[in-house]
Every structure is written in C-alpha cells, then in structure tokens.
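Novice: Sending over query08.cif (mmCIF, C-alpha atoms).
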```cif
data_work
#
loop_
_atom_site.label_atom_id
_atom_site.label_comp_id
_atom_site.auth_asym_id
_atom_site.auth_seq_id
_atom_site.Cartn_x
_atom_site.Cartn_y
_atom_site.Cartn_z
CA MET A 1 14.19 46.93 35.87
CA LEU A 2 16.35 46.40 38.98
CA MET A 3 17.22 43.05 40.53
CA THR A 4 17.06 44.60 44.00
CA ASP A 5 13.42 45.58 43.44
CA ILE A 6 12.57 42.03 42.34
CA ILE A 7 14.28 40.55 45.42
CA VAL A 8 12.36 42.92 47.73
CA LYS A 9 9.08 42.19 45.95
CA LYS A 10 9.41 38.44 46.49
CA ARG A 11 10.80 38.94 50.00
CA ASP A 12 7.56 40.72 50.83
CA GLY A 13 5.48 37.85 49.45
CA LEU A 14 4.29 39.54 46.27
CA LYS A 15 3.78 37.89 42.90
CA LEU A 16 6.46 38.34 40.23
CA SER A 17 5.40 39.19 36.68
CA ALA A 18 6.38 37.14 33.63
CA GLU A 19 8.64 40.02 32.52
CA GLU A 20 10.43 40.12 35.87
CA ILE A 21 10.98 36.36 35.88
CA GLU A 22 12.31 36.42 32.31
CA TYR A 23 14.62 39.32 33.22
CA VAL A 24 16.05 37.33 36.14
CA VAL A 25 16.57 34.07 34.23
CA ASN A 26 18.14 35.73 31.18
CA GLY A 27 20.30 38.04 33.28
CA TYR A 28 21.61 35.26 35.50
CA THR A 29 22.26 32.88 32.59
CA LYS A 30 24.27 35.57 30.77
CA GLY A 31 26.23 36.49 33.91
CA ASP A 32 24.74 39.99 34.26
CA ILE A 33 23.19 39.14 37.64
CA PRO A 34 25.73 38.09 40.30
CA ASP A 35 25.45 34.95 42.45
CA TYR A 36 24.81 36.92 45.64
CA GLN A 37 21.70 38.61 44.23
CA MET A 38 20.39 35.36 42.71
CA SER A 39 21.00 33.60 46.05
CA ALA A 40 18.89 36.22 47.80
CA LEU A 41 16.02 35.75 45.35
CA LEU A 42 16.19 31.95 45.57
CA MET A 43 15.98 32.16 49.37
CA ALA A 44 13.02 34.54 49.09
CA ILE A 45 11.28 32.03 46.77
CA LEU A 46 12.05 29.20 49.19
CA ILE A 47 10.46 31.11 52.07
CA ARG A 48 7.61 32.92 50.28
CA GLY A 49 6.85 30.41 47.53
CA MET A 50 5.41 30.92 44.05
CA ASP A 51 1.93 30.30 42.67
CA SER A 52 1.30 28.01 39.66
CA GLU A 53 1.43 30.89 37.18
CA GLU A 54 4.79 32.10 38.50
CA THR A 55 6.14 28.54 38.49
CA LEU A 56 5.04 28.09 34.88
CA GLN A 57 6.65 31.39 33.85
CA LEU A 58 9.89 30.41 35.61
CA THR A 59 9.81 27.00 33.91
CA MET A 60 9.26 28.49 30.44
CA ALA A 61 11.94 31.16 30.90
CA MET A 62 14.46 28.46 31.95
CA MET A 63 13.40 26.21 29.06
CA HIS A 64 14.05 29.05 26.57
CA SER A 65 17.42 29.98 28.14
CA GLY A 66 19.18 27.80 25.57
CA GLU A 67 18.44 25.43 22.71
CA THR A 68 15.34 23.26 22.63
CA LEU A 69 15.20 19.89 20.92
CA ASP A 70 13.18 19.88 17.70
CA LEU A 71 11.44 16.50 17.43
CA SER A 72 9.16 17.54 14.55
CA LYS A 73 11.09 15.25 12.18
CA ILE A 74 10.10 12.25 14.29
CA SER A 75 6.79 10.67 13.30
CA GLY A 76 4.35 9.43 15.91
CA VAL A 77 3.86 10.23 19.59
CA LYS A 78 7.06 11.02 21.51
CA ALA A 79 7.25 10.19 25.22
CA ASP A 80 9.70 10.97 28.01
CA LYS A 81 10.03 9.83 31.60
CA HIS A 82 11.63 11.43 34.63
CA SER A 83 12.32 10.09 38.11
CA THR A 84 12.99 12.31 41.10
CA GLY A 85 15.78 9.91 41.96
CA GLY A 86 16.44 7.01 44.26
CA VAL A 87 18.80 4.19 45.08
CA GLY A 88 18.79 1.29 42.62
CA ASP A 89 16.56 3.13 40.15
CA LYS A 90 17.17 1.48 36.78
CA THR A 91 13.59 2.03 35.60
CA SER A 92 14.46 3.79 32.32
CA LEU A 93 16.48 0.79 31.15
CA ILE A 94 13.34 -1.35 31.40
CA LEU A 95 10.49 1.07 30.77
CA CYS A 96 11.83 2.75 27.63
CA PRO A 97 12.31 -0.49 25.61
CA MET A 98 8.95 -1.84 26.87
CA VAL A 99 7.10 1.26 25.68
CA ALA A 100 9.05 1.61 22.43
CA ALA A 101 8.19 -2.01 21.58
CA GLN A 102 4.51 -0.94 21.62
CA GLY A 103 4.99 1.88 19.10
CA VAL A 104 5.54 4.96 21.26
CA LYS A 105 8.69 6.86 20.29
CA ILE A 106 11.21 7.32 23.10
CA ALA A 107 13.45 10.35 22.53
CA LYS A 108 15.12 10.72 25.91
CA MET A 109 17.82 13.09 27.09
CA SER A 110 19.44 11.89 30.31
CA GLY A 111 22.16 13.08 32.62
CA ARG A 112 25.02 11.53 34.47
CA GLY A 113 24.70 10.77 38.16
CA LEU A 114 26.29 12.80 40.92
CA GLY A 115 26.08 10.79 44.11
CA HIS A 116 25.66 7.15 45.07
CA THR A 117 25.43 5.65 41.55
CA GLY A 118 25.63 6.79 37.98
CA GLY A 119 22.70 8.10 36.00
CA THR A 120 21.01 6.31 33.11
CA ILE A 121 23.75 7.53 30.76
CA ASP A 122 26.48 6.02 32.96
CA LYS A 123 24.61 2.73 33.24
CA LEU A 124 24.19 2.45 29.46
CA GLU A 125 27.96 2.82 29.08
CA SER A 126 28.23 -0.62 30.72
CA PHE A 127 27.47 -1.92 27.21
CA PRO A 128 30.80 -2.19 25.35
CA GLY A 129 31.19 0.68 22.86
CA PHE A 130 27.90 2.44 23.75
CA ASN A 131 27.98 6.09 22.67
CA THR A 132 25.87 8.56 24.65
CA GLY A 133 27.27 11.58 22.79
CA ILE A 134 25.53 11.00 19.45
CA SER A 135 24.66 13.97 17.23
CA GLU A 136 21.15 15.39 17.09
CA GLU A 137 20.85 14.01 13.53
CA THR A 138 21.72 10.49 14.69
CA PHE A 139 19.42 10.88 17.69
CA VAL A 140 16.44 11.77 15.47
CA SER A 141 17.34 9.08 12.92
CA ASN A 142 17.56 6.37 15.61
CA VAL A 143 14.17 7.31 17.07
CA ASN A 144 12.62 7.14 13.59
CA ASN A 145 14.34 3.86 12.70
CA PHE A 146 14.29 1.99 16.02
CA GLY A 147 11.69 3.91 18.04
CA ILE A 148 14.18 4.71 20.78
CA ALA A 149 17.29 6.76 21.59
CA ILE A 150 18.75 7.83 24.94
CA ALA A 151 21.51 10.42 24.75
CA GLY A 152 23.40 12.73 27.08
CA GLN A 153 21.95 16.17 27.66
CA THR A 154 23.77 18.79 25.59
CA ALA A 155 25.44 21.78 27.23
CA ASP A 156 23.13 24.14 25.33
CA LEU A 157 19.91 22.56 26.64
CA ASP A 158 18.48 24.57 29.55
CA PRO A 159 21.73 26.29 30.69
CA ALA A 160 19.74 28.33 33.24
CA ASP A 161 18.90 25.18 35.18
CA LYS A 162 22.51 24.00 35.31
CA LYS A 163 23.64 27.35 36.70
CA MET A 164 20.70 27.80 39.09
CA TYR A 165 20.84 24.24 40.44
CA ALA A 166 24.56 24.55 41.20
CA LEU A 167 23.80 27.73 43.17
CA ARG A 168 20.81 26.17 44.98
CA ASP A 169 23.01 23.24 45.97
CA VAL A 170 25.41 25.50 47.93
CA THR A 171 22.89 28.02 49.32
CA GLY A 172 20.39 25.74 51.06
CA THR A 173 17.64 26.47 48.54
CA VAL A 174 17.13 23.03 47.01
CA PRO A 175 13.92 22.01 48.91
CA SER A 176 11.52 24.44 47.26
CA ILE A 177 8.56 23.02 45.29
CA PRO A 178 8.50 25.84 42.67
CA LEU A 179 12.26 25.58 42.15
CA ILE A 180 12.18 21.77 41.92
CA VAL A 181 9.26 21.87 39.49
CA SER A 182 10.88 24.48 37.23
CA SER A 183 14.19 22.57 37.27
CA ILE A 184 12.58 19.27 36.25
CA MET A 185 9.97 20.56 33.81
CA SER A 186 12.20 23.08 32.01
CA LYS A 187 14.48 20.20 30.99
CA LYS A 188 11.59 17.92 30.05
CA LEU A 189 9.87 20.62 27.99
CA ALA A 190 13.13 21.59 26.26
CA ALA A 191 13.52 17.93 25.23
CA GLY A 192 10.32 18.19 23.18
CA ALA A 193 8.22 15.11 24.07
CA ASP A 194 4.42 15.00 23.70
CA VAL A 195 3.81 12.78 26.74
CA ILE A 196 5.69 13.13 30.04
CA VAL A 197 5.41 10.61 32.86
CA LEU A 198 6.95 11.51 36.21
CA ASP A 199 8.03 8.97 38.84
CA VAL A 200 7.89 10.92 42.12
CA LYS A 201 9.62 9.03 44.93
CA THR A 202 8.66 9.21 48.58
CA GLY A 203 10.27 7.72 51.69
CA SER A 204 13.54 7.80 53.58
CA GLY A 205 15.59 7.15 50.42
CA SER A 206 14.07 10.04 48.48
CA PHE A 207 14.09 13.80 48.52
CA MET A 208 10.39 13.97 49.42
CA GLU A 209 10.36 11.92 52.62
CA THR A 210 6.60 12.09 53.28
CA GLU A 211 3.81 11.00 50.97
CA GLU A 212 2.13 14.40 51.45
CA GLN A 213 5.24 16.21 50.16
CA ALA A 214 5.51 13.83 47.20
CA ARG A 215 1.86 14.34 46.28
CA GLU A 216 2.28 18.13 46.43
CA LEU A 217 5.30 17.91 44.13
CA ALA A 218 3.58 15.49 41.73
CA THR A 219 0.48 17.69 41.56
CA GLU A 220 2.49 20.81 40.73
CA LEU A 221 4.66 18.99 38.16
CA VAL A 222 1.56 17.69 36.37
CA ARG A 223 -0.15 21.09 36.55
CA VAL A 224 2.82 22.87 34.96
CA GLY A 225 3.19 20.16 32.30
CA LYS A 226 -0.45 20.51 31.31
CA LEU A 227 -0.30 24.31 31.30
CA ALA A 228 2.63 23.97 28.91
CA GLY A 229 0.45 21.86 26.59
CA LYS A 230 1.91 18.43 27.36
CA LYS A 231 0.08 15.25 28.39
CA THR A 232 1.55 14.76 31.85
CA VAL A 233 1.06 12.14 34.59
CA GLY A 234 2.71 11.77 37.99
CA VAL A 235 3.09 8.42 39.77
CA ILE A 236 3.98 8.47 43.47
CA THR A 237 6.12 5.47 44.42
CA ASP A 238 7.87 4.12 47.50
CA MET A 239 11.58 4.68 48.12
CA ASP A 240 11.80 3.55 51.74
CA GLU A 241 14.24 0.87 50.62
CA PRO A 242 16.35 0.52 47.44
CA LEU A 243 14.44 -0.25 44.24
CA GLY A 244 15.05 -3.83 43.16
CA ASN A 245 18.06 -5.79 44.38
CA ALA A 246 20.99 -4.29 42.46
CA ILE A 247 22.79 -1.04 43.29
CA GLY A 248 25.69 -0.22 40.97
CA ASN A 249 25.85 0.48 37.26
CA ALA A 250 26.51 -2.80 35.42
CA LEU A 251 24.72 -4.72 38.18
CA GLU A 252 21.61 -2.59 37.61
CA VAL A 253 21.84 -3.12 33.85
CA LYS A 254 21.94 -6.87 34.43
CA GLU A 255 18.87 -6.69 36.70
CA ALA A 256 17.03 -4.60 34.11
CA ILE A 257 17.75 -7.26 31.49
CA GLU A 258 16.43 -9.96 33.86
CA VAL A 259 13.13 -8.03 34.07
CA LEU A 260 12.95 -7.65 30.27
CA LYS A 261 13.60 -11.38 29.89
CA GLY A 262 10.67 -12.12 32.20
CA GLU A 263 12.99 -13.73 34.76
CA LYS A 264 12.34 -11.18 37.51
CA LYS A 265 8.99 -10.01 38.88
CA GLY A 266 8.23 -7.85 41.92
CA GLU A 267 8.16 -4.11 42.51
CA LEU A 268 10.58 -3.17 39.75
CA LEU A 269 8.36 -4.79 37.11
CA GLU A 270 5.23 -3.37 38.76
CA LEU A 271 6.66 0.15 38.60
CA CYS A 272 7.49 -0.19 34.90
CA LEU A 273 4.04 -1.61 34.12
CA THR A 274 2.38 1.29 35.97
CA LEU A 275 4.48 4.00 34.31
CA GLY A 276 4.24 2.27 30.93
CA SER A 277 0.44 1.99 31.18
CA CYS A 278 0.25 5.74 31.83
CA ILE A 279 2.35 6.42 28.72
CA LEU A 280 0.38 4.08 26.43
CA THR A 281 -3.00 5.47 27.50
CA GLN A 282 -1.87 9.10 27.27
CA ALA A 283 -0.42 8.35 23.82
CA GLU A 284 -3.76 6.73 22.90
CA ILE A 285 -2.02 3.47 21.97
CA ALA A 286 -4.21 1.70 24.53
CA ALA A 287 -7.79 2.53 25.53
CA THR A 288 -7.43 1.48 29.17
CA GLU A 289 -4.64 0.89 31.66
CA GLU A 290 -5.63 -2.80 31.79
CA GLN A 291 -5.19 -3.11 28.01
CA ALA A 292 -1.90 -1.21 28.21
CA ARG A 293 -0.61 -3.53 30.93
CA GLU A 294 -1.49 -6.60 28.83
CA MET A 295 0.39 -5.14 25.86
CA LEU A 296 3.48 -4.44 27.96
CA ILE A 297 3.48 -7.94 29.49
CA LYS A 298 3.10 -9.48 26.04
CA GLY A 299 6.13 -7.45 24.90
CA ILE A 300 8.19 -9.13 27.61
CA GLU A 301 6.80 -12.59 26.87
CA ASP A 302 7.42 -12.42 23.10
CA GLY A 303 10.90 -10.89 23.48
CA SER A 304 10.13 -7.65 21.64
CA ALA A 305 10.96 -5.45 24.67
CA LEU A 306 14.37 -7.10 25.12
CA ASN A 307 15.05 -6.86 21.38
CA LYS A 308 14.21 -3.15 21.53
CA LEU A 309 16.96 -2.68 24.15
CA ALA A 310 19.35 -4.45 21.79
CA GLU A 311 18.31 -2.07 18.98
CA LEU A 312 18.96 0.90 21.26
CA VAL A 313 22.44 -0.39 22.05
CA LYS A 314 23.29 -1.20 18.42
CA GLY A 315 21.95 2.15 17.21
CA GLN A 316 24.37 3.93 19.53
CA GLU A 317 27.48 1.95 18.54
CA GLY A 318 27.31 -0.53 21.41
CA ASP A 319 27.55 -4.33 21.19
CA PRO A 320 23.96 -5.67 21.26
CA GLU A 321 25.22 -9.16 22.07
CA ALA A 322 25.75 -7.96 25.66
CA VAL A 323 21.96 -7.64 25.99
CA TYR A 324 21.63 -11.39 25.46
CA ASN A 325 24.90 -12.38 27.18
CA THR A 326 25.34 -10.32 30.36
CA ASP A 327 28.74 -11.93 31.03
CA MET A 328 30.02 -9.31 28.56
CA LEU A 329 29.14 -6.50 31.02
CA PRO A 330 31.83 -5.17 33.38
CA LYS A 331 32.37 -7.50 36.33
CA ALA A 332 34.24 -6.80 39.59
CA PRO A 333 36.90 -9.36 40.55
CA VAL A 334 35.72 -9.79 44.16
CA GLN A 335 32.29 -10.97 45.34
CA TYR A 336 31.90 -10.98 49.12
CA GLU A 337 28.88 -12.19 51.11
CA VAL A 338 27.58 -10.07 54.00
CA LEU A 339 26.19 -12.44 56.61
CA SER A 340 23.46 -11.58 59.08
CA ASP A 341 24.41 -11.68 62.76
CA LYS A 342 20.83 -12.24 63.89
CA THR A 343 17.63 -14.13 63.06
CA GLY A 344 14.38 -12.30 62.40
CA TYR A 345 12.59 -10.16 59.78
CA VAL A 346 13.91 -7.21 57.80
CA LYS A 347 12.04 -4.13 59.04
CA HIS A 348 14.00 -1.44 57.19
CA ILE A 349 16.91 -0.96 54.79
CA SER A 350 18.39 2.53 54.73
CA ALA A 351 18.38 3.33 51.01
CA LYS A 352 20.63 6.37 51.35
CA ASP A 353 23.23 4.40 53.30
CA VAL A 354 23.18 1.52 50.79
CA GLY A 355 23.79 4.13 48.10
CA LEU A 356 26.79 5.42 50.05
CA VAL A 357 28.18 1.87 50.24
CA SER A 358 28.07 1.69 46.43
CA MET A 359 29.69 5.12 46.17
CA GLN A 360 32.48 4.14 48.55
CA LEU A 361 33.20 1.14 46.33
CA GLY A 362 33.57 3.52 43.36
CA GLY A 363 30.09 3.14 41.85
CA GLY A 364 29.17 6.82 42.18
CA ARG A 365 30.62 10.31 41.90
CA VAL A 366 31.82 12.51 44.73
CA THR A 367 32.44 15.34 42.23
CA LYS A 368 31.57 15.87 38.56
CA GLU A 369 35.16 14.92 37.70
CA SER A 370 35.06 11.55 39.51
CA VAL A 371 35.51 8.45 37.34
CA ILE A 372 32.89 5.76 37.96
CA ASP A 373 33.78 2.08 38.26
CA LEU A 374 30.91 0.48 36.33
CA SER A 375 31.55 -3.01 37.74
CA VAL A 376 31.20 -2.45 41.49
CA GLY A 377 28.16 -2.28 43.73
CA VAL A 378 25.83 -4.27 45.94
CA ILE A 379 23.24 -7.02 45.42
CA LEU A 380 20.66 -7.12 48.21
CA ASN A 381 19.69 -10.72 48.90
CA LYS A 382 17.13 -9.74 51.55
CA LYS A 383 14.50 -6.99 51.26
CA VAL A 384 11.95 -5.53 53.68
CA ALA A 385 9.58 -8.16 55.20
CA ASP A 386 11.90 -11.05 54.27
CA ARG A 387 12.83 -13.55 56.98
CA VAL A 388 16.55 -13.97 57.59
CA GLU A 389 18.50 -16.52 59.60
CA ALA A 390 21.71 -15.76 61.46
CA GLY A 391 24.59 -16.60 59.12
CA GLU A 392 22.42 -16.11 56.01
CA SER A 393 23.52 -13.65 53.32
CA LEU A 394 21.99 -10.17 53.51
CA GLY A 395 23.81 -9.03 50.40
CA THR A 396 26.77 -9.51 48.09
CA ILE A 397 29.47 -6.88 47.72
CA HIS A 398 31.05 -6.53 44.26
CA ALA A 399 34.43 -4.83 44.71
CA GLN A 400 37.88 -4.41 43.20
CA THR A 401 39.73 -5.72 46.28
CA LEU A 402 38.94 -7.93 49.27
CA GLU A 403 39.91 -5.08 51.61
CA LYS A 404 37.35 -2.74 49.99
CA ALA A 405 34.73 -5.50 50.11
CA LYS A 406 35.23 -6.09 53.83
CA GLU A 407 34.98 -2.36 54.58
CA ALA A 408 31.75 -2.19 52.57
CA ALA A 409 30.36 -5.29 54.31
CA LEU A 410 30.53 -3.59 57.71
CA LEU A 411 28.64 -0.60 56.33
CA LEU A 412 26.01 -2.69 54.54
CA ARG A 413 25.20 -4.74 57.65
CA ASN A 414 24.45 -1.48 59.47
CA CYS A 415 21.96 -0.52 56.73
CA TYR A 416 19.64 -3.33 57.88
CA THR A 417 17.18 -3.20 60.77
CA ILE A 418 16.12 -6.72 61.76
CA VAL A 419 13.33 -7.39 64.28
CA SER A 420 11.90 -10.54 65.85
CA GLU A 421 8.27 -10.12 64.68
CA PRO A 422 6.99 -10.41 61.06
CA VAL A 423 6.85 -7.11 59.13
CA ALA A 424 4.07 -5.93 56.81
CA LYS A 425 5.27 -4.44 53.53
CA SER A 426 3.95 -0.95 52.74
CA LYS A 427 2.06 -0.17 49.53
CA PHE A 428 4.52 0.42 46.69
CA ILE A 429 2.42 2.53 44.29
CA LYS A 430 1.14 5.34 46.50
CA GLY A 431 -1.00 7.12 43.94
CA ILE A 432 -1.36 8.53 40.41
CA VAL A 433 -1.85 12.23 39.65
CA LYS A 434 -3.40 13.11 36.27
#
```
Take the structure from the file and write it as structure tokens.
Specialist:
Amino acid sequence: MLMTDIIVKKRDGLKLSAEEIEYVVNGYTKGDIPDYQMSALLMAILIRGMDSEETLQLTMAMMHSGETLDLSKISGVKADKHSTGGVGDKTSLILCPMVAAQGVKIAKMSGRGLGHTGGTIDKLESFPGFNTGISEETFVSNVNNFGIAIAGQTADLDPADKKMYALRDVTGTVPSIPLIVSSIMSKKLAAGADVIVLDVKTGSGSFMETEEQARELATELVRVGKLAGKKTVGVITDMDEPLGNAIGNALEVKEAIEVLKGEKKGELLELCLTLGSCILTQAEIAATEEQAREMLIKGIEDGSALNKLAELVKGQEGDPEAVYNTDMLPKAPVQYEVLSDKTGYVKHISAKDVGLVSMQLGGGRVTKESVIDLSVGVILNKKVADRVEAGESLGTIHAQTLEKAKEAALLLRNCYTIVSEPVAKSKFIKGIVK
C-alpha cells in the first residue's frame, strides 16, 4: 500500500477503505508517514470530504492508536460530556457534580486549554492541592467511591489525534467536519463512557459560526457515536457572547459554585439542566426530560450537587473547604471597573475578544509551555439586552497590576456594542440532536 495512491484517491473524490485509513493513521502515528504527505491527505479530505462510514473508520483507527481507558471495573452507567469550546465555558464544573449526585458515574478525561482561558483541568487546579495527574487506579477507585473523577488526559490516549491536530493547526485543515468529528469522538470513545453528551456551540464566539454548520457537526458527531455503540446526544447552544459572567480560571470556578449553591440562575444553569437531562434520560435514570430536570434542580436545592463537587476535590487531594469558602481560591490583587461611555442597550459582546482580554491578563496560554495565572480574568456586569447608563460598570478586570488592568479595560470596552434601542435576546438552546 502506498501513501501516494491514497492521497490521489481522495484527491479525486473517491472513498477510502477501512484498511487504507488504518494504514494512514498507524503509519503517521509511528512516524513512517512524513508530515508533507499527511498534510496533502488532510487537505484532500478538507476539500473532498468523507462519508459517515469513512469518518467512523477514521475515528476508530485514531481511537485505537494508543491506550483506551478500561472502565469495566466501574459499576453503573458511565457518562462523559464534551464541549466544542467557547469563552467562559465552565459547564463541566457544574454539570458533572449535578449528574453524579443523581447516580450517573462521571469518569471524565479533560485537557488543558490553549488559548483565551485554561481548560477544565486548569480551572480545577484553582482548588488548593488539587491533583489532575492521578493514576488510573485512583481514577477508577474515585469514580466507584464518589461517583466522579476528572483527570488529565494521558499521553498514551489517542496519540494519533494529538499529532494530527497539531499538523491541521499549521496547514489550514482544521475546519473539516470529518476531521473535527474524528478528533472529538476518538478521544471520547477511548475514554470508555456509555453515554456521551456533546455541547456544540454556534455563534461569533465559536468555531461553528452559523447554526447550520453547528447542526451539521452535531448530527455527524451523534451519528458516529451511535455507530460506535454509544448513547450519544448533541445539544446546539449559543456562543454569540461569553457564557455566564466570569472569564478566567478561579473566577469561573467561583461562578460555577454560585450555580451549584442555587445563587445564580440564567443561561449557565439552563445549559447544565438541558445537558444533564439528556444524560439522565439516556442513562435511564429518569423516564422523561421533565423528570430529569426536577431531579437536577432538587440536587441543587438539597446541596447534594455542591457536596459532590467537594467530594471530587477531596478525592483528588484538593481542599474541599474551598468549595464552601471561595475566598480560599486564587484572587488577583487589583479589581478595576470598566465604565460605559454611553447610555443604551447591549447589542453584542465579542466573545473572542473578551477571551483575548483574559489571555492578555495571563489567564490563558499563548503556547503549551505558558504558565497560567489562575487568579486573573474578567467579570461581565452587563450582558446582551441589558440596559446600561453612561458611567455604569460594564465589567470588572481582575489583574496583577493597575497598569495591566487599565490596558485590559480599554480592550474590554471595545468588546461591547451599545445601541439606543432595546435589543431582543436570541434563543439560547438552538436544538437537540438525538
């Protein structure tokens, strides 16, 4: 089998066989196929596409490129959640404890963030002493004992994806539905859950800017998940502005805790209730989404969801007291108010640009080697459709120095579009794909 023949075949719009796809993935992972040939094939896939069968074969070959997580020692239904990414997305910190409190086992492998803020793993490290590098034995034990564990993805899990994504990132081949699907689902399948719920973002702050693109991605993700034998659901959600009010690691953890305490409502809670209802019904813990939603709300009201977060933290060597006393979380020394220079209504907040403000403060990574400042970030005091008066605070900058805060304030003010007429808020949950 020759790589050149496979490149030409896909270049000409023909379907690749399972054997050809496996040959490519194994050869590239081992280093037998050079970057320049793989780049050519990735570009051919971007232009010519892949059908569902090819996408499934690519996903499975990538999944089997390294170790897979064996969750057979964990009793009960195991669930996992994935988001396609967005600014202020702290959903896992809320959703996972809420669902675990209702009896579904959460065995989640997460990554670190590269970009505007940290990933779930970085955010969890805001808890003093929290260890994301626990052994597989501890991971399994914690899920059995507490119903929940969230650990860093091991180097041996899906190595093909790590190598292929790095190449896609520098060759202009990221925006391909088959390649996105295989990247996401190979990791999720390797992590071994029974139920997979996917939060597919759409809007200016997401990768899929139109609802049509997001629905296409969600449909293909769900199709591949089901073909692989997993109960899979996709939820299409709005990312035209940051999710919630906090952007920045410890600030997002604090906001997540406010939701779990029942102190904060709104879209962030609604998203977690929607995703959580999908998990509970797919896991057959609840008969209907209405019943599932009632169970999840009760878990917040009786404190069991918050306590489950504390169990997660304690089980991974962190201080659970920080769950109940958020003053123990990292805190930046400077808080600086960004005042509006006009009166009107918030029409738009550029999510990407708000994310860049957080990154400039030190809340994200420019490179994999960058060290994140867990304490810095932004709190948005005004969201889309809110009325604002001139001189009123649009947001609060959390920074290490006053100079950095003032620089960030100029940038944050430019993230807001304020108009004179009232603004209607768009629908947040755009659709569910089953």
Novice: With all atoms listed in the file as the counted atoms, please give the residues lying no more than 7 Å from Gln335 in chain A, apart from itself and same-chain residues fewer than 5 positions off, as a PDB file with C-alpha atoms, keeping the file's coordinate frame.
Specialist:
```
ATOM      1  CA  THR A 396      26.770  -9.510  48.090  1.00  0.00           C
ATOM      2  CA  ILE A 397      29.470  -6.880  47.720  1.00  0.00           C
ATOM      3  CA  HIS A 398      31.050  -6.530  44.260  1.00  0.00           C
ATOM      4  CA  ALA A 399      34.430  -4.830  44.710  1.00  0.00           C
TER       5      ALA A 399
END
```
Novice: The PyMOL selection byres ((chain A and resi 45-58) around 7) - which residues does that actually catch in the file I just gave you? List them as a PyMOL selection string.
Specialist: chain A and resi 10-11+13+16+18+21+41-44+59-62+173+176+178+182+224
Novice: Would you kindly translate the PyMOL selection byres ((chain A and resi 412) around 8) into the concrete residues it picks from this file, as an MDAnalysis selection string?
Specialist: chainID A and resid 338 353:354 357 395 408:411 413:416
Novice: Of the residues A:Ala283, A:Val253, A:Leu271, A:Ile74, which is the one nearest to Ile429 in chain A, using only C-alpha atoms?
Specialist: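 Closest to Ile429 in chain A, using only C-alpha atoms: A:Leu271.
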Novice: Neighbouring residues of Gly86 in chain A were defined as those with any atom within 7 Å, considering all atoms listed in the file; residues of the same chain fewer than 5 positions away were excluded. Please report them as an MDAnalysis selection string.
Specialist: chainID A and resid 205:206 239
Novice: Point out the residue among A:Leu251, A:Ile150, A:Leu273, A:Leu179 with the least atom-to-atom distance to Met328 in chain A, counting all atoms listed in the file.
Specialist: A:Leu251
Novice: So what do you get for CA of Ala160 in chain A versus CA of Ile6 in chain A, distance-wise?
Specialist: 17.9 Å
Novice: What gap, in Å, lies between CA of Leu243 in chain A and CA of Asp89 in chain A?
Specialist: 5.7 Å
Novice: Can you translate the PyMOL selection byres ((chain A and resi 72) around 12) into the concrete residues it hits in this file, as a list in words?
Specialist: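 Here the PyMOL selection byres ((chain A and resi 72) around 12) matches Thr68, Leu69, Asp70, Leu71, Lys73, Ile74, Ser75, Gly76, Val77, Lys78, Ala107, Val140, Ser141, Val143, Asn144, Ala191, Gly192, Ala193 and Asp194 of chain A.
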